[in-house]
file query_12.cif (mmCIF, C-alpha atoms and all ligand atoms)
data_coords
loop_
_atom_site.label_atom_id
_atom_site.label_comp_id
_atom_site.auth_asym_id
_atom_site.auth_seq_id
_atom_site.Cartn_x
_atom_site.Cartn_y
_atom_site.Cartn_z
CA MET A 1468 -160.78 207.22 -59.99
CA THR A 1469 -160.17 203.72 -58.64
CA ARG A 1470 -157.18 201.76 -59.74
CA PHE A 1471 -159.25 199.55 -62.01
CA ALA A 1472 -161.52 202.06 -63.70
CA THR A 1473 -161.60 200.98 -67.33
CA ASP A 1474 -162.64 204.18 -69.11
CA GLY A 1475 -163.26 203.37 -72.77
CA ASP A 1476 -161.63 199.95 -72.62
CA SER A 1477 -164.30 197.87 -70.92
CA ASP A 1478 -165.60 196.54 -74.26
CA ARG A 1479 -162.14 195.35 -75.35
CA LEU A 1480 -160.92 191.94 -74.28
CA GLY A 1481 -157.96 192.19 -71.95
CA GLY A 1482 -154.84 190.17 -71.18
CA LEU A 1483 -153.89 189.13 -67.67
CA TYR A 1484 -150.18 188.77 -66.93
CA ILE A 1485 -148.72 187.18 -63.82
CA HIS A 1486 -145.01 187.64 -63.11
CA ILE A 1487 -143.23 184.82 -61.29
CA PRO A 1488 -140.02 186.53 -60.13
CA PHE A 1489 -137.73 183.53 -59.57
CA CYS A 1490 -134.93 181.98 -61.60
CA VAL A 1491 -132.48 179.20 -60.83
CA LYS A 1492 -129.66 181.35 -62.21
CA LYS A 1493 -129.49 184.71 -63.99
CA CYS A 1494 -128.71 184.70 -67.72
CA ILE A 1495 -126.06 187.20 -68.82
CA TYR A 1496 -128.34 189.19 -71.14
CA CYS A 1497 -131.50 189.41 -69.06
CA ASP A 1498 -132.88 192.55 -67.46
CA PHE A 1499 -136.26 191.16 -66.41
CA TYR A 1500 -136.83 191.37 -62.70
CA SER A 1501 -136.17 188.08 -60.92
CA THR A 1502 -134.26 186.73 -57.94
CA ILE A 1503 -132.46 183.43 -57.39
CA ASP A 1504 -133.56 183.41 -53.75
CA LEU A 1505 -136.01 180.54 -54.08
CA GLY A 1506 -136.57 180.56 -50.32
CA LYS A 1507 -139.01 183.42 -50.85
CA ILE A 1508 -141.35 181.42 -53.07
CA SER A 1509 -143.87 180.47 -50.43
CA ARG A 1510 -144.27 184.05 -49.08
CA PHE A 1511 -144.57 185.28 -52.66
CA LEU A 1512 -147.33 182.75 -53.46
CA ASP A 1513 -149.35 183.83 -50.43
CA ALA A 1514 -148.98 187.48 -51.42
CA LEU A 1515 -149.94 186.73 -55.03
CA GLN A 1516 -153.16 185.05 -53.89
CA ARG A 1517 -154.00 188.18 -51.93
CA GLU A 1518 -153.18 190.44 -54.86
CA ILE A 1519 -155.47 188.37 -57.11
CA LYS A 1520 -158.28 188.99 -54.62
CA LEU A 1521 -157.46 192.71 -54.32
CA ALA A 1522 -157.46 193.08 -58.10
CA GLY A 1523 -160.59 190.99 -58.62
CA ASN A 1524 -162.78 194.11 -58.99
CA CYS A 1525 -161.29 194.75 -62.43
CA ARG A 1526 -164.12 195.20 -64.91
CA LEU A 1527 -162.31 193.74 -67.88
CA THR A 1528 -163.11 190.46 -69.57
CA PHE A 1529 -159.96 188.48 -70.36
CA ASP A 1530 -159.29 186.11 -73.21
CA SER A 1531 -155.67 185.46 -72.27
CA LEU A 1532 -153.69 184.64 -69.16
CA TYR A 1533 -149.91 184.63 -69.44
CA ILE A 1534 -147.79 183.32 -66.58
CA GLY A 1535 -144.30 184.63 -67.28
CA GLY A 1536 -141.17 185.60 -65.44
CA GLY A 1537 -138.62 184.89 -64.29
CA THR A 1538 -139.00 181.16 -64.60
CA PRO A 1539 -142.56 180.12 -63.73
CA SER A 1540 -141.61 176.46 -64.12
CA VAL A 1541 -139.57 176.65 -60.89
CA LEU A 1542 -143.05 176.40 -59.34
CA GLU A 1543 -144.65 173.05 -58.72
CA PRO A 1544 -147.70 172.19 -60.86
CA ALA A 1545 -149.94 172.36 -57.77
CA ASP A 1546 -148.88 176.01 -57.26
CA ILE A 1547 -149.48 176.91 -60.90
CA GLY A 1548 -152.84 175.09 -60.70
CA CYS A 1549 -153.81 177.18 -57.65
CA ILE A 1550 -152.90 180.40 -59.46
CA VAL A 1551 -154.99 179.45 -62.51
CA GLU A 1552 -157.90 178.41 -60.32
CA SER A 1553 -157.84 181.68 -58.35
CA VAL A 1554 -157.66 183.74 -61.52
CA LEU A 1555 -160.62 181.89 -63.03
CA GLY A 1556 -162.53 182.31 -59.78
CA GLN A 1557 -161.84 186.02 -59.36
CA PHE A 1558 -161.84 187.41 -62.90
CA ASP A 1559 -164.12 187.26 -65.88
CA VAL A 1560 -162.11 184.93 -68.13
CA LEU A 1561 -163.58 183.50 -71.34
CA PRO A 1562 -163.79 179.67 -71.39
CA GLU A 1563 -161.69 179.54 -74.56
CA ALA A 1564 -158.96 181.79 -73.11
CA GLU A 1565 -155.34 181.21 -74.12
CA ILE A 1566 -153.51 180.22 -70.92
CA THR A 1567 -149.75 180.29 -71.41
CA LEU A 1568 -146.97 179.15 -69.12
CA GLU A 1569 -143.35 180.12 -69.77
CA VAL A 1570 -141.08 177.19 -69.05
CA ASN A 1571 -137.34 176.57 -68.91
CA PRO A 1572 -136.11 173.18 -70.16
CA GLY A 1573 -133.80 172.91 -67.14
CA THR A 1574 -136.73 172.69 -64.72
CA LEU A 1575 -139.03 170.05 -66.24
CA SER A 1576 -139.99 166.39 -66.34
CA PRO A 1577 -142.73 164.56 -68.30
CA GLU A 1578 -144.82 164.30 -65.12
CA LYS A 1579 -144.49 168.01 -64.39
CA LEU A 1580 -145.63 168.96 -67.89
CA GLU A 1581 -148.53 166.56 -67.70
CA ALA A 1582 -149.59 168.11 -64.37
CA TYR A 1583 -149.33 171.66 -65.73
CA ARG A 1584 -151.69 170.63 -68.51
CA GLN A 1585 -154.11 169.10 -66.01
CA GLY A 1586 -153.93 172.36 -64.05
CA GLY A 1587 -155.40 174.36 -66.93
CA ILE A 1588 -152.36 175.46 -68.98
CA ASN A 1589 -153.15 175.16 -72.72
CA ARG A 1590 -150.11 176.85 -74.25
CA LEU A 1591 -146.40 176.59 -73.49
CA ASN A 1592 -143.68 179.06 -74.28
CA ILE A 1593 -140.37 177.26 -74.01
CA GLY A 1594 -137.15 179.26 -73.50
CA VAL A 1595 -134.89 177.25 -75.78
CA GLN A 1596 -132.65 180.14 -76.95
CA SER A 1597 -130.30 177.80 -78.86
CA PHE A 1598 -129.77 174.11 -79.50
CA HIS A 1599 -125.97 174.55 -79.30
CA ASN A 1600 -124.47 173.86 -75.91
CA ASP A 1601 -121.63 176.35 -76.28
CA ASN A 1602 -124.19 179.13 -76.94
CA LEU A 1603 -126.31 178.04 -73.99
CA GLU A 1604 -123.28 178.08 -71.74
CA PHE A 1605 -122.27 181.52 -72.97
CA LEU A 1606 -125.79 182.87 -72.32
CA GLY A 1607 -125.80 181.42 -68.81
CA ARG A 1608 -128.69 179.04 -69.44
CA ILE A 1609 -129.21 176.08 -67.10
CA HIS A 1610 -130.05 173.49 -69.77
CA SER A 1611 -128.56 171.76 -72.78
CA GLY A 1612 -129.79 171.56 -76.37
CA TYR A 1613 -130.71 167.94 -75.73
CA GLN A 1614 -132.92 168.95 -72.79
CA ALA A 1615 -134.70 171.46 -75.03
CA HIS A 1616 -135.48 168.68 -77.55
CA GLU A 1617 -136.63 166.41 -74.78
CA THR A 1618 -138.90 169.10 -73.31
CA ILE A 1619 -140.71 169.61 -76.61
CA GLN A 1620 -141.21 165.87 -76.97
CA TRP A 1621 -142.55 165.57 -73.42
CA ALA A 1622 -144.83 168.58 -73.98
CA ARG A 1623 -146.37 166.91 -77.05
CA GLN A 1624 -146.81 163.66 -75.11
CA ALA A 1625 -148.55 165.65 -72.37
CA GLY A 1626 -151.05 166.84 -74.97
CA PHE A 1627 -149.88 170.41 -75.59
CA ASP A 1628 -150.92 171.39 -79.11
CA ASN A 1629 -149.87 175.02 -78.90
CA ILE A 1630 -146.16 175.42 -78.25
CA GLY A 1631 -143.95 178.44 -78.79
CA LEU A 1632 -140.15 178.44 -78.71
CA ASP A 1633 -137.90 181.40 -77.92
CA LEU A 1634 -134.59 181.58 -79.76
CA ILE A 1635 -131.76 184.14 -79.67
CA TYR A 1636 -129.39 185.08 -82.49
CA GLY A 1637 -126.53 187.52 -82.98
CA LEU A 1638 -124.21 186.13 -80.30
CA PRO A 1639 -120.62 187.43 -80.37
CA GLY A 1640 -118.78 185.71 -83.19
CA GLN A 1641 -121.80 183.57 -84.15
CA ASP A 1642 -121.46 181.87 -87.48
CA PRO A 1643 -124.59 182.53 -89.63
CA GLY A 1644 -124.60 178.83 -90.54
CA GLN A 1645 -124.90 177.93 -86.88
CA TRP A 1646 -127.96 180.19 -86.51
CA ILE A 1647 -129.61 178.53 -89.50
CA ALA A 1648 -128.84 175.16 -87.89
CA ASP A 1649 -130.77 176.35 -84.80
CA LEU A 1650 -133.70 177.31 -87.01
CA GLU A 1651 -133.51 173.96 -88.83
CA GLN A 1652 -133.75 172.09 -85.55
CA ALA A 1653 -136.63 174.30 -84.46
CA VAL A 1654 -138.76 173.78 -87.57
CA VAL A 1655 -138.23 170.01 -87.49
CA LEU A 1656 -139.92 170.09 -84.08
CA ALA A 1657 -142.90 171.86 -85.70
CA PRO A 1658 -143.73 174.38 -82.96
CA GLU A 1659 -146.84 176.48 -83.52
CA HIS A 1660 -144.91 179.68 -82.74
CA LEU A 1661 -141.35 180.97 -82.84
CA SER A 1662 -139.91 184.12 -81.30
CA CYS A 1663 -136.47 184.96 -82.69
CA TYR A 1664 -134.81 187.70 -80.69
CA MET A 1665 -131.63 189.53 -81.59
CA LEU A 1666 -129.25 189.48 -78.63
CA THR A 1667 -129.34 193.03 -77.29
CA ARG A 1668 -127.26 194.81 -74.75
CA GLU A 1669 -129.49 195.82 -71.85
CA SER A 1670 -128.02 198.29 -69.47
CA GLY A 1671 -126.67 196.88 -66.20
CA THR A 1672 -126.54 193.23 -67.32
CA PRO A 1673 -123.34 191.14 -67.19
CA LEU A 1674 -123.37 191.21 -71.01
CA ASP A 1675 -123.38 194.99 -70.95
CA ARG A 1676 -120.48 195.04 -68.48
CA GLU A 1677 -118.42 192.66 -70.62
CA ILE A 1678 -119.00 194.79 -73.70
CA LYS A 1679 -118.12 197.98 -71.82
CA ALA A 1680 -114.91 196.38 -70.57
CA GLY A 1681 -114.01 195.50 -74.16
CA ARG A 1682 -114.04 191.75 -73.53
CA LEU A 1683 -116.99 191.07 -75.83
CA ARG A 1684 -118.30 192.56 -79.02
CA LEU A 1685 -121.72 192.04 -80.56
CA PRO A 1686 -121.87 191.44 -84.32
CA THR A 1687 -121.95 194.56 -86.51
CA GLY A 1688 -125.22 196.06 -87.73
CA HIS A 1689 -124.45 194.63 -91.18
CA THR A 1690 -124.12 191.08 -89.80
CA MET A 1691 -127.26 191.48 -87.67
CA ARG A 1692 -129.15 192.59 -90.78
CA LYS A 1693 -127.98 189.50 -92.67
CA LEU A 1694 -129.12 187.29 -89.77
CA PHE A 1695 -132.49 189.09 -89.64
CA ASP A 1696 -133.02 188.56 -93.38
CA SER A 1697 -131.97 184.93 -93.29
CA THR A 1698 -134.37 184.32 -90.39
CA ILE A 1699 -137.34 185.73 -92.30
CA ASP A 1700 -136.44 183.92 -95.54
CA PHE A 1701 -135.80 180.60 -93.84
CA LEU A 1702 -139.00 180.68 -91.80
CA ALA A 1703 -141.11 181.86 -94.76
CA ALA A 1704 -139.82 178.87 -96.72
CA HIS A 1705 -141.01 176.66 -93.84
CA ASP A 1706 -144.52 178.12 -93.69
CA PHE A 1707 -144.09 180.50 -90.80
CA TYR A 1708 -145.89 183.83 -91.01
CA HIS A 1709 -143.82 186.81 -89.91
CA TYR A 1710 -146.36 188.88 -88.00
CA GLU A 1711 -144.16 191.02 -85.75
CA ILE A 1712 -140.49 192.03 -85.92
CA SER A 1713 -139.37 189.07 -83.78
CA ASN A 1714 -142.39 186.77 -84.00
CA PHE A 1715 -143.51 184.05 -86.38
CA ALA A 1716 -146.54 181.77 -86.33
CA ARG A 1717 -146.80 178.51 -88.23
CA LEU A 1718 -149.45 178.51 -90.94
CA ALA A 1719 -152.12 175.84 -90.63
CA GLU A 1720 -152.82 173.49 -93.53
CA ASN A 1721 -155.81 175.59 -94.60
CA GLY A 1722 -153.45 178.60 -94.96
CA ARG A 1723 -154.85 180.30 -91.87
CA CYS A 1724 -152.74 181.55 -89.02
CA PRO A 1725 -154.37 180.50 -85.74
CA TRP A 1726 -151.24 180.45 -83.56
CA MET A 1727 -150.18 184.07 -83.26
CA SER A 1728 -149.69 184.86 -79.57
CA ARG A 1729 -153.02 186.28 -78.48
CA HIS A 1730 -151.50 187.71 -75.34
CA ASN A 1731 -148.50 189.47 -76.89
CA ARG A 1732 -150.64 190.99 -79.63
CA LYS A 1733 -152.46 192.93 -76.94
CA TYR A 1734 -149.27 194.82 -76.12
CA TRP A 1735 -148.76 195.85 -79.74
CA SER A 1736 -152.41 196.82 -80.26
CA ALA A 1737 -152.62 198.95 -77.09
CA ASP A 1738 -155.36 196.63 -75.78
CA PRO A 1739 -155.88 196.69 -72.01
CA TYR A 1740 -153.85 194.40 -69.80
CA LEU A 1741 -153.56 193.82 -66.10
CA GLY A 1742 -150.27 192.68 -64.55
CA LEU A 1743 -149.90 191.03 -61.16
CA GLY A 1744 -146.74 190.08 -59.28
CA PRO A 1745 -143.52 192.05 -58.69
CA SER A 1746 -142.55 194.42 -61.53
CA ALA A 1747 -145.68 193.60 -63.56
CA HIS A 1748 -147.09 196.46 -65.62
CA SER A 1749 -150.74 197.23 -66.32
CA PHE A 1750 -152.33 199.43 -68.94
CA ILE A 1751 -155.94 200.48 -69.15
CA GLN A 1752 -156.36 203.59 -71.27
CA PRO A 1753 -155.16 206.16 -70.41
CA ARG A 1754 -153.42 204.84 -67.29
CA ARG A 1755 -150.33 202.75 -66.88
CA TRP A 1756 -149.08 201.48 -63.52
CA TRP A 1757 -146.58 198.98 -62.26
CA ASN A 1758 -145.73 196.98 -59.17
CA PHE A 1759 -142.54 197.14 -57.09
CA SER A 1760 -139.60 195.29 -58.60
CA SER A 1761 -138.79 193.60 -55.30
CA VAL A 1762 -140.29 190.44 -53.85
CA SER A 1763 -139.70 191.69 -50.28
CA GLU A 1764 -141.37 195.04 -50.89
CA TYR A 1765 -144.22 193.36 -52.77
CA VAL A 1766 -144.85 190.92 -49.91
CA ARG A 1767 -144.57 193.68 -47.29
CA LYS A 1768 -147.08 195.97 -49.02
CA ILE A 1769 -149.60 193.22 -49.53
CA ALA A 1770 -149.22 192.04 -45.92
CA ALA A 1771 -150.13 195.61 -44.94
CA GLY A 1772 -153.30 195.33 -47.02
CA GLN A 1773 -151.98 197.72 -49.67
CA LEU A 1774 -151.55 197.37 -53.40
CA PRO A 1775 -147.86 196.92 -54.29
CA LEU A 1776 -147.92 199.97 -56.53
CA GLY A 1777 -144.43 201.05 -57.59
CA GLY A 1778 -145.51 203.88 -59.89
CA GLU A 1779 -148.12 205.14 -62.30
CA GLU A 1780 -148.70 207.61 -65.08
CA THR A 1781 -151.63 208.91 -67.05
CA LEU A 1782 -150.82 209.16 -70.72
CA THR A 1783 -151.76 212.31 -72.56
CA ARG A 1784 -153.57 212.04 -75.87
CA GLU A 1785 -150.28 212.77 -77.64
CA GLN A 1786 -148.39 210.11 -75.69
CA ARG A 1787 -151.08 207.55 -76.56
CA MET A 1788 -150.84 208.53 -80.20
CA LEU A 1789 -147.06 208.06 -80.21
CA GLU A 1790 -147.42 204.65 -78.55
CA VAL A 1791 -149.94 203.51 -81.13
CA ILE A 1792 -147.44 204.47 -83.84
CA TYR A 1793 -144.40 202.94 -82.15
CA LEU A 1794 -146.08 199.64 -81.30
CA GLY A 1795 -148.22 199.39 -84.44
CA LEU A 1796 -145.13 199.67 -86.64
CA ARG A 1797 -143.68 196.55 -85.00
CA THR A 1798 -146.42 194.46 -86.59
CA LYS A 1799 -147.04 193.19 -90.09
CA GLU A 1800 -150.52 194.74 -90.05
CA GLY A 1801 -149.05 198.11 -89.12
CA ILE A 1802 -151.09 201.06 -87.91
CA ASP A 1803 -154.83 200.84 -88.47
CA LEU A 1804 -155.44 204.25 -90.03
CA ARG A 1805 -159.21 204.24 -89.54
CA ALA A 1806 -158.90 203.37 -85.85
CA PHE A 1807 -156.27 206.11 -85.53
CA GLU A 1808 -158.68 208.69 -86.96
CA ARG A 1809 -161.53 207.41 -84.81
CA ASN A 1810 -159.48 207.51 -81.62
CA PHE A 1811 -157.57 210.74 -82.12
CA GLY A 1812 -159.71 212.73 -84.53
CA LEU A 1813 -156.72 213.19 -86.84
CA THR A 1814 -155.92 211.87 -90.30
CA PHE A 1815 -152.60 210.08 -89.95
CA GLU A 1816 -151.54 210.69 -93.56
CA LYS A 1817 -152.11 214.42 -93.17
CA VAL A 1818 -150.30 214.79 -89.85
CA TYR A 1819 -147.20 212.92 -91.06
CA LYS A 1820 -147.37 213.78 -94.76
CA GLU A 1821 -143.77 214.91 -95.08
CA GLU A 1822 -142.19 212.06 -93.08
CA LEU A 1823 -144.35 209.43 -94.81
CA GLY A 1824 -143.29 210.68 -98.24
CA GLN A 1825 -139.62 210.44 -97.30
CA LEU A 1826 -139.96 206.99 -95.72
CA GLN A 1827 -141.88 205.69 -98.74
CA ASN A 1828 -139.22 207.02 -101.11
CA GLU A 1829 -136.57 205.23 -99.09
CA GLY A 1830 -138.55 201.99 -99.34
CA LEU A 1831 -139.02 201.75 -95.57
CA LEU A 1832 -142.78 202.11 -95.36
CA GLU A 1833 -145.97 201.25 -97.27
CA LEU A 1834 -149.28 203.06 -97.13
CA THR A 1835 -152.63 201.61 -98.13
CA PRO A 1836 -155.98 203.36 -97.58
CA ALA A 1837 -156.39 201.35 -94.35
CA GLN A 1838 -152.86 200.71 -93.07
CA CYS A 1839 -149.42 202.16 -92.60
CA ARG A 1840 -146.83 199.43 -92.23
CA LEU A 1841 -143.11 198.90 -92.46
CA THR A 1842 -141.43 197.03 -95.26
CA ARG A 1843 -138.80 194.47 -94.34
CA ASP A 1844 -136.13 197.20 -94.63
CA GLY A 1845 -138.26 199.39 -92.39
CA MET A 1846 -138.63 196.62 -89.80
CA ALA A 1847 -134.86 196.22 -89.70
CA PHE A 1848 -134.66 199.91 -88.78
CA HIS A 1849 -137.84 200.06 -86.70
CA GLU A 1850 -136.37 202.21 -83.93
CA ALA A 1851 -135.06 204.84 -86.34
CA VAL A 1852 -138.26 204.94 -88.41
CA ALA A 1853 -140.48 205.13 -85.33
CA ALA A 1854 -138.24 207.87 -83.92
CA MET A 1855 -138.71 209.88 -87.11
CA LEU A 1856 -142.49 209.73 -86.71
CA THR A 1857 -142.66 210.12 -82.97
CA GLY A 1858 -139.81 212.60 -82.58
CA ARG A 1859 -138.18 210.44 -79.91
S1 LIG A 1901 -134.29 182.29 -67.14
FE1 LIG A 1901 -135.41 183.91 -68.27
S2 LIG A 1901 -136.02 185.42 -66.74
FE2 LIG A 1901 -134.48 184.09 -65.77
S3 LIG A 1901 -132.57 185.20 -66.07
FE3 LIG A 1901 -132.76 183.77 -67.79
S4 LIG A 1901 -133.81 184.95 -69.43
FE4 LIG A 1901 -134.07 186.07 -67.48
#

call {"tool": "encode", "arguments": {"input": "query_12.cif", "output": "structure tokens", "more": "lines below"}}
Ligand code: SF4
result
Amino acid sequence: MTRFATDGDSDRLGGLYIHIPFCVKKCIYCDFYSTIDLGKISRFLDALQREIKLAGNCRLTFDSLYIGGGTPSVLEPADIGCIVESVLGQFDVLPEAEITLEVNPGTLSPEKLEAYRQGGINRLNIGVQSFHNDNLEFLGRIHSGYQAHETIQWARQAGFDNIGLDLIYGLPGQDPGQWIADLEQAVVLAPEHLSCYMLTRESGTPLDREIKAGRLRLPTGHTMRKLFDSTIDFLAAHDFYHYEISNFARLAENGRCPWMSRHNRKYWSADPYLGLGPSAHSFIQPRRWWNFSSVSEYVRKIAAGQLPLGGEETLTREQRMLEVIYLGLRTKEGIDLRAFERNFGLTFEKVYKEELGQLQNEGLLELTPAQCRLTRDGMAFHEAVAAMLTGR
């Protein structure tokens, strides 16, 4: 089997992810692979162009391209434009594809945003995290709340009509009122999309080390739950549709919801995706593979004419089933029971009869003839509920 054999997935539209592994400074909570050694950018860009060519035999058709990181906006617009152009030249990408660039407010100017737009980017995901400077400083961000405001204004002036903001809540000692103030500022700016992430302790990060040393403490589960609830209530009252545990899309005036992240939904629906760049993961049923999490190793492998493959696995039917459950339960739509039966030849309600009964009685889960989805209580305890069904 070649690396890009698509098995049963060739009729499903795929997502293409490109990882830009550079940041100006590391944030205390982040465990994504990136380096602050910006001197490696030019060697990385050459290698990426070669990887795009090597991967160009992929038989998928893509309707989304997501350039993430790291901090892709450390790259000049001409470099981003070259990446987009190469991708469009090498892969089968639909003309109406969603093309997202992740940007950091500390790396932008009106001219840069304008040039990104000219280079083919049609959606921005802005890492705001908070509008409060003390929070931004604590998180190790390189920008102020004012710069975040300015960035959104500049993005609108540059013609971006599809903008997502990332925010973080649940900082040590955070006053719930301060979190609502962040949300208030966000909705006034009328982004099309909001991702609201709970601050989590990822192993090996400076945040993790501070907590281990007893110098920091995250809010209790009870406080986190209150923040989670207030997020959903506040955003619902401002016409945002809660479509995944941490994600909200603004409703259009006709009541439709056109701004859910097309790319991220692929991850939750087990759709195929191809990842390029250091540490990027790919998944085309039943195979998953990933690149080296090292710019040097990535560049070295590609210079030797090899794919920068860091590892791979072929999922068994049972592993795929468990993934469909785990990821599907993150979404408002939940698990599509008919697709489950079609794909695995099993009736979901029969296999999990006992667990489903218990979870329904506890008010954590709802079953309809077509879907199995979590209630709000269930979403708050997603990991525990999914573990009950998947035995993890
Ligand atoms: S800017 Fe983004 S990718 Fe870079 S360290 Fe901070 S959170 Fe991680």

call {"tool": "closest_residue", "arguments": {"input": "query_12.cif", "among": "A:Leu1776, A:Ala1653, A:Ile1593, A:Ala1615", "to": "ligand LIG 1901 (chain A)", "atoms": "all atoms listed in the file"}}
result
A:Ile1593

call {"tool": "residues_near_ligand", "arguments": {"input": "query_12.cif", "ligand": "ligand LIG 1901 (chain A)", "cutoff": "7 Å", "atoms": "only C-alpha atoms and all ligand atoms", "output": "PyMOL selection string"}}
result
chain A and resi 1490+1492-1494+1497-1499+1501+1536-1538+1571+1608

call {"tool": "closest_residue", "arguments": {"input": "query_12.cif", "among": "A:Gly1612, A:Gly1688, A:Gly1594, A:Pro1725", "to": "Tyr1664 of chain A", "atoms": "only C-alpha atoms"}}
result
A:Gly1594

call {"tool": "residues_around", "arguments": {"input": "query_12.cif", "residues": "segment 1553-1559 of chain A", "least_positions_apart": "2", "cutoff": "10 Å", "atoms": "only C-alpha atoms", "output": "PyMOL selection string"}}
result
chain A and resi 1481+1483+1485+1515-1517+1519-1530+1532+1547-1551+1561-1562+1587

call {"tool": "residues_around", "arguments": {"input": "query_12.cif", "residues": "Gln1620 of chain A", "least_positions_apart": "2", "cutoff": "12 Å", "atoms": "only C-alpha atoms", "output": "list in words"}}
result
Pro1572, Leu1575, Ser1576, Pro1577, Leu1580, Glu1581, Ile1593, Tyr1613, Gln1614, Ala1615, His1616, Glu1617, Thr1618, Ala1622, Arg1623, Gln1624, Ala1625, Gly1626, Phe1627, Asp1628, Ile1630, Val1655, Leu1656, Ala1657 and Pro1658 of chain A

call {"tool": "atom_distance", "arguments": {"input": "query_12.cif", "atom1": "atom CA of Gly1671 of chain A", "atom2": "atom CA of Gly1777 of chain A"}}
result
20.2 Å

call {"tool": "closest_atom_pairs", "arguments": {"input": "query_12.cif", "of": "segment 1636-1717 of chain A", "to": "segment 1797-1812 of chain A", "cutoff": "9 Å", "atoms": "only C-alpha atoms", "output": "tab-separated table"}}
result
residue	atom	partner	partner_atom	distance
A:His1709	CA	A:Lys1799	CA	7.1
A:Tyr1710	CA	A:Lys1799	CA	4.8
A:Glu1711	CA	A:Thr1798	CA	4.2
A:Ile1712	CA	A:Arg1797	CA	5.6
A:Ser1713	CA	A:Arg1797	CA	8.7

call {"tool": "write_last_selection", "arguments": {"input": "query_12.cif", "atoms": "C-alpha atoms", "output": "short mmCIF file (atom, residue, chain, number, x, y, z; two decimals), in the frame of the given file"}}
result
data_model
loop_
_atom_site.label_atom_id
_atom_site.label_comp_id
_atom_site.auth_asym_id
_atom_site.auth_seq_id
_atom_site.Cartn_x
_atom_site.Cartn_y
_atom_site.Cartn_z
CA HIS A 1709 -143.82 186.81 -89.91
CA TYR A 1710 -146.36 188.88 -88.00
CA GLU A 1711 -144.16 191.02 -85.75
CA ILE A 1712 -140.49 192.03 -85.92
CA SER A 1713 -139.37 189.07 -83.78
#

call {"tool": "decode", "arguments": {"input": "query_12.cif", "residues": "segment 1829-1840 of chain A", "atoms": "N, CA and C atoms", "output": "PDB file, in the first residue's frame"}}
result
ATOM      1  N   GLU A1829     -29.081   9.308  34.068  1.00  0.00           N
ATOM      2  CA  GLU A1829     -28.320  10.355  34.773  1.00  0.00           C
ATOM      3  C   GLU A1829     -28.406  11.701  34.059  1.00  0.00           C
ATOM      4  N   GLY A1830     -29.152  11.725  32.954  1.00  0.00           N
ATOM      5  CA  GLY A1830     -29.350  12.995  32.238  1.00  0.00           C
ATOM      6  C   GLY A1830     -28.124  13.446  31.458  1.00  0.00           C
ATOM      7  N   LEU A1831     -27.233  12.515  31.131  1.00  0.00           N
ATOM      8  CA  LEU A1831     -25.999  12.891  30.451  1.00  0.00           C
ATOM      9  C   LEU A1831     -26.073  12.697  28.937  1.00  0.00           C
ATOM     10  N   LEU A1832     -27.077  11.963  28.498  1.00  0.00           N
ATOM     11  CA  LEU A1832     -27.088  11.568  27.081  1.00  0.00           C
ATOM     12  C   LEU A1832     -28.520  11.482  26.566  1.00  0.00           C
ATOM     13  N   GLU A1833     -28.691  11.814  25.270  1.00  0.00           N
ATOM     14  CA  GLU A1833     -30.012  11.705  24.636  1.00  0.00           C
ATOM     15  C   GLU A1833     -29.900  10.803  23.426  1.00  0.00           C
ATOM     16  N   LEU A1834     -30.936   9.991  23.242  1.00  0.00           N
ATOM     17  CA  LEU A1834     -30.968   9.113  22.068  1.00  0.00           C
ATOM     18  C   LEU A1834     -32.182   9.454  21.240  1.00  0.00           C
ATOM     19  N   THR A1835     -31.993   9.610  19.932  1.00  0.00           N
ATOM     20  CA  THR A1835     -33.121   9.711  19.010  1.00  0.00           C
ATOM     21  C   THR A1835     -32.949   8.527  18.053  1.00  0.00           C
ATOM     22  N   PRO A1836     -33.905   8.274  17.159  1.00  0.00           N
ATOM     23  CA  PRO A1836     -33.700   7.144  16.244  1.00  0.00           C
ATOM     24  C   PRO A1836     -32.448   7.328  15.380  1.00  0.00           C
ATOM     25  N   ALA A1837     -32.022   8.576  15.159  1.00  0.00           N
ATOM     26  CA  ALA A1837     -30.889   8.793  14.253  1.00  0.00           C
ATOM     27  C   ALA A1837     -29.595   9.186  14.950  1.00  0.00           C
ATOM     28  N   GLN A1838     -29.676   9.662  16.210  1.00  0.00           N
ATOM     29  CA  GLN A1838     -28.481  10.234  16.832  1.00  0.00           C
ATOM     30  C   GLN A1838     -28.335   9.838  18.294  1.00  0.00           C
ATOM     31  N   CYS A1839     -27.090   9.808  18.719  1.00  0.00           N
ATOM     32  CA  CYS A1839     -26.798   9.681  20.153  1.00  0.00           C
ATOM     33  C   CYS A1839     -25.932  10.871  20.503  1.00  0.00           C
ATOM     34  N   ARG A1840     -26.435  11.752  21.368  1.00  0.00           N
ATOM     35  CA  ARG A1840     -25.650  12.954  21.659  1.00  0.00           C
ATOM     36  C   ARG A1840     -25.667  13.270  23.146  1.00  0.00           C
TER      37      ARG A1840
END
